[in-house]
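Each remark here refers to the structure printed beneath this line.
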Amino acid sequence: MKAPPEPPRPPAPLRRWLDTLVAHLPFDEALLRARPGQRHEHLDRQLAWTLAFVAGAINAGGFLAVGTYTSHVTGSFSRAADELVLGRTRPALGALAMVGFFLAGAFTTGLFVQLGTRLRLRGRYALALAFEAGLLCLFGLSGTTLARHEELMLPATVVLLCFLMGMHNAVVTHISSAVVRTTHMTGIVTDLGIELARWTVRHEPRTEPGERALRARLSLHALVLLAFFCGGLSGALGFARLGYSISLAFAAVLLALALRPIALDLRLRARLRARRGRRLRARGPSA
């Protein structure tokens, strides 16, 4: 019998494009479990565009929801100074409170990471991301109600979003050892400009490793910037049409990233407990 004919293979350019696409999808099991200093470049790329997309969506959609950009710490400090000079104490304190809740979110992420480290969890970063996803679900399900509760200076929606953005930025900063930041594009655009200048004017001899490293940094910064912009479009359009409930879709993205490492940790703990139980039974009752 003749062997069945092989299915036609796609053209080489299409195969390369598909390989590149698959390499950028955030499916690697080590995405949230690799330790700083031991991460491969493709992990930072997967993490960068995914979390930058979610950050852009929350930032842009949150602006339509609460009327301010909740991740803009620099702007909040500047606004606080302006309001104090103009003698408006309440708005100034509100701007400083936004910074404080952003700080509290970053602090909470740090606590989750330290707790996971103490418990020797491989998915220590996933705990913070799952908690952030839960808060984002709360925002999506109760945003209208939260907007009516103004405690002292700020509505609860503003407080929650500032806290979320602080957590979000701290998660990716921890995982990538400060290589990637996804909620602030000022640094990304600055780095992109510097790398473009290095690409344009070169004083040292060109070497292949140096060329690859420079191209990798350029593509990473461009990828983060593009993902943030696309996320902003998605968040703004989604909130304009679906309201607060669009947050549930972005929470699902975070949960999809976080649940696999958490499940792996639970399975590992279960195996260790079972192994410990077998050892105790093998020893028999103590004398």
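Each chain of the structure tokens is named A, B, ... in the order shown, its residues numbered from 1; ligands are numbered from 1 in display order.
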Worksheet item: Which residues come within 10 Å of A:Phe77, counting only C-alpha atoms, excluding same-chain residues fewer than 3 positions away, as a PyMOL selection string?
Response: chain A and resi 72-74+80-83+92+95-99
Item to complete: Would you list the contacts of A:Tyr244 as JSON, numbers by chain, taking every protein, DNA or RNA residue within 10 Å and counting only C-alpha atoms, but skipping same-chain residues closer than 4 positions in sequence?
Response: {"A": [61, 62, 64, 65, 136, 137, 138, 139, 140, 141, 142, 143, 144, 238, 239, 240, 248]}
Worksheet item: Tell me, which residues of stretch 60-256 of chain A carry DSSP strand (DSSP E), written as a ChimeraX atom specification?
Response: /A:150-151,154-155
Worksheet item: So, counting only C-alpha atoms, which residue among A:Leu84, A:Cys230, A:Leu257, A:Ala213 is closest to A:Ala55?
Response: A:Cys230
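The nearest approach to A:Ala216 among the residues A:Leu129, A:Leu192, A:Leu47, A:Ala236, with only C-alpha atoms taken into account, belongs to A:Leu192.
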Practice prompt. Could you please write out, as a ChimeraX atom specification, every residue of stretch 46-167 of chain A that DSSP assigns to helix (DSSP H, G or I)?
Written response: /A:46-66,73-85,89-118,124-147,156-167
Discussion item. So, with only C-alpha atoms as the atoms that count, which of A:Gly193, A:Ala222, A:Arg283, A:Arg278 lies closest to A:Arg45?
Written reply: A:Ala222
Worksheet item: What lies within 12 Å of stretch 109-123 of chain A using only C-alpha atoms, ignoring chain neighbours under 6 positions off, as a VMD selection string?
Response: chain A and resid 29 to 35 102 to 103 129 to 132 163 to 175 257 to 269
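As for atom CA of A:Val159 and atom CA of A:Gly187, they are spaced 24.2 Å apart.
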